[in-house]
Structures are given as structure tokens and as C-alpha cells.
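A.B. asks: The structure file coords_0.pdb (PDB, C-alpha atoms) is provided below.
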ATOM      1  CA  MET F 169       4.794   2.728   1.297
ATOM      2  CA  ALA F 170       2.964  -0.434   2.267
ATOM      3  CA  GLU F 171      -0.187   1.652   2.613
ATOM      4  CA  ASP F 172       0.147   2.645  -1.042
ATOM      5  CA  LYS F 173       0.282  -0.981  -2.168
ATOM      6  CA  PHE F 174      -2.630  -1.852   0.122
ATOM      7  CA  GLU F 175      -4.696   0.978  -1.342
ATOM      8  CA  GLN F 176      -3.932  -0.247  -4.854
ATOM      9  CA  ALA F 177      -4.871  -3.834  -3.940
ATOM     10  CA  LYS F 178      -8.063  -2.671  -2.245
ATOM     11  CA  GLY F 179      -8.927  -0.648  -5.334
ATOM     12  CA  ASN F 180      -8.271  -3.613  -7.583
ATOM     13  CA  LEU F 181     -10.566  -5.774  -5.477
ATOM     14  CA  LYS F 182     -13.334  -3.152  -5.462
ATOM     15  CA  GLU F 183     -13.024  -2.698  -9.216
ATOM     16  CA  THR F 184     -13.179  -6.457  -9.813
ATOM     17  CA  VAL F 185     -16.191  -6.953  -7.539
ATOM     18  CA  GLY F 186     -17.917  -3.913  -9.041
ATOM     19  CA  ASN F 187     -17.314  -5.241 -12.527
ATOM     20  CA  ALA F 188     -18.523  -8.752 -11.620
ATOM     21  CA  THR F 189     -21.688  -7.440  -9.961
ATOM     22  CA  ASP F 190     -22.285  -4.705 -12.542
ATOM     23  CA  ASN F 191     -21.954  -2.102  -9.765
ATOM     24  CA  LYS F 192     -20.516   0.868 -11.662
ATOM     25  CA  ASP F 193     -20.134   2.986  -8.498
ATOM     26  CA  LEU F 194     -18.016   0.334  -6.777
ATOM     27  CA  GLU F 195     -16.028  -0.225  -9.947
ATOM     28  CA  LYS F 196     -15.295   3.502 -10.253
ATOM     29  CA  GLU F 197     -14.406   3.735  -6.546
ATOM     30  CA  GLY F 198     -11.935   0.903  -7.063
ATOM     31  CA  GLN F 199     -10.372   2.655 -10.032
ATOM     32  CA  ASN F 200     -10.021   5.828  -7.960
ATOM     33  CA  ASP F 201      -8.419   3.920  -5.067
ATOM     34  CA  LYS F 202      -5.930   2.296  -7.428
ATOM     35  CA  ALA F 203      -5.019   5.620  -9.001
ATOM     36  CA  SER F 204      -4.661   7.289  -5.613
ATOM     37  CA  GLY F 205      -2.427   4.511  -4.308
ATOM     38  CA  LYS F 206      -0.257   4.660  -7.415
ATOM     39  CA  ALA F 207       0.059   8.450  -7.178
ATOM     40  CA  LYS F 208       1.093   8.202  -3.526
ATOM     41  CA  GLU F 209       3.648   5.551  -4.440
ATOM     42  CA  VAL F 210       5.138   7.799  -7.129
ATOM     43  CA  VAL F 211       5.335  10.736  -4.699
ATOM     44  CA  ASP F 212       7.052   8.546  -2.103
ATOM     45  CA  ASN F 213       9.561   7.346  -4.702
ATOM     46  CA  VAL F 214      10.343  10.918  -5.733
ATOM     47  CA  LYS F 215      10.834  11.898  -2.079
ATOM     48  CA  ASP F 216      13.192   8.966  -1.570
ATOM     49  CA  LYS F 217      15.230   9.890  -4.645
ATOM     50  CA  ALA F 218      15.406  13.550  -3.573
ATOM     51  CA  ASN F 219      16.549  12.551  -0.104
ATOM     52  CA  ASP F 220      19.226  10.301  -1.621
ATOM     53  CA  VAL F 221      20.522  13.209  -3.710
ATOM     54  CA  ILE F 222      20.487  15.534  -0.695
ATOM     55  CA  ASP F 223      22.353  12.974   1.407
ATOM     56  CA  LYS F 224      24.938  12.510  -1.353
ATOM     57  CA  VAL F 225      25.481  16.269  -1.677
ATOM     58  CA  LYS F 226      25.816  16.601   2.083
ATOM     59  CA  GLY F 227      28.289  13.725   2.099
ATOM     60  CA  ASP F 228      30.361  15.302  -0.671
ATOM     61  CA  ASN F 229      30.518  18.587   1.208
ATOM     62  CA  ASN F 230      31.905  16.903   4.330
ATOM     63  CA  LYS F 231      35.087  15.768   2.531
TER      64      LYS F 231
END
Show me, as C-alpha cells, the structure contained in the file I just sent.
C.D. replies:
Amino acid sequence: MAEDKFEQAKGNLKETVGNATDNKDLEKEGQNDKASGKAKEVVDNVKDKANDVIDKVKGDNNK
């Protein structure tokens, strides 16, 4: 999960530098990194929620 935040921060930095230097390729690469990091974060959150539900169901069945 920390990798996701790092990827988003790296993307933000690239986008900012690309914007400041008028480097459209770097700016776009930064936007892509941010989007990728955010998507990975969402997937990880969904996995965590699904695992919580599975653990709860398993726990309920053991009673």
C-alpha cells in the first residue's frame, strides 16, 4: 500500500516539474503515474474489504 502512495507522489512530482518546465511528456507521465497509483490503492482497498467480509463469514460459521 505504501508503494501506491509513493507512485502517486512520484507522479505528482513529475507532473509538477513537467508543467513548470513545459515538458508535456513528463507532465503526462506524471498524470499516468498518479492514476496508476490511485487505481492500485483502490484495488488494495477492495481486497482488504473482501478479506474482512470473508473472515467475518468464516468466524460466524465457527459458532
A.B. asks: Just the residues within 10 Å of Lys202 (chain F), please, counting all atoms listed in the file, with nothing from its chain fewer than 4 positions along; format it as a PDB file with C-alpha atoms, in the frame of the given file.
C.D. replies:
ATOM      1  CA  ASP F 172       0.147   2.645  -1.042  1.00  0.00           C
ATOM      2  CA  LYS F 173       0.282  -0.981  -2.168  1.00  0.00           C
ATOM      3  CA  PHE F 174      -2.630  -1.852   0.122  1.00  0.00           C
ATOM      4  CA  GLU F 175      -4.696   0.978  -1.342  1.00  0.00           C
ATOM      5  CA  GLN F 176      -3.932  -0.247  -4.854  1.00  0.00           C
ATOM      6  CA  ALA F 177      -4.871  -3.834  -3.940  1.00  0.00           C
ATOM      7  CA  LYS F 178      -8.063  -2.671  -2.245  1.00  0.00           C
ATOM      8  CA  GLY F 179      -8.927  -0.648  -5.334  1.00  0.00           C
ATOM      9  CA  ASN F 180      -8.271  -3.613  -7.583  1.00  0.00           C
ATOM     10  CA  LEU F 181     -10.566  -5.774  -5.477  1.00  0.00           C
ATOM     11  CA  LYS F 182     -13.334  -3.152  -5.462  1.00  0.00           C
ATOM     12  CA  GLU F 183     -13.024  -2.698  -9.216  1.00  0.00           C
ATOM     13  CA  LYS F 196     -15.295   3.502 -10.253  1.00  0.00           C
ATOM     14  CA  GLU F 197     -14.406   3.735  -6.546  1.00  0.00           C
ATOM     15  CA  GLY F 198     -11.935   0.903  -7.063  1.00  0.00           C
ATOM     16  CA  LYS F 206      -0.257   4.660  -7.415  1.00  0.00           C
ATOM     17  CA  ALA F 207       0.059   8.450  -7.178  1.00  0.00           C
ATOM     18  CA  LYS F 208       1.093   8.202  -3.526  1.00  0.00           C
TER      19      LYS F 208
END
A.B. asks: By how many Å are CA of Asp212 (chain F) and CA of Met169 (chain F) apart?
C.D. replies: 7.1 Å
A.B. asks: For CA of Lys226 (chain F) and CA of Val214 (chain F), determine how far apart the two atoms are, in Å to one decimal place.
C.D. replies: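 So the answer is 18.2 Å.
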A.B. asks: Just to confirm, what's the straight-line distance from CA of Glu171 (chain F) to CA of Ser204 (chain F) in Å (one decimal)?
C.D. replies: 10.9 Å
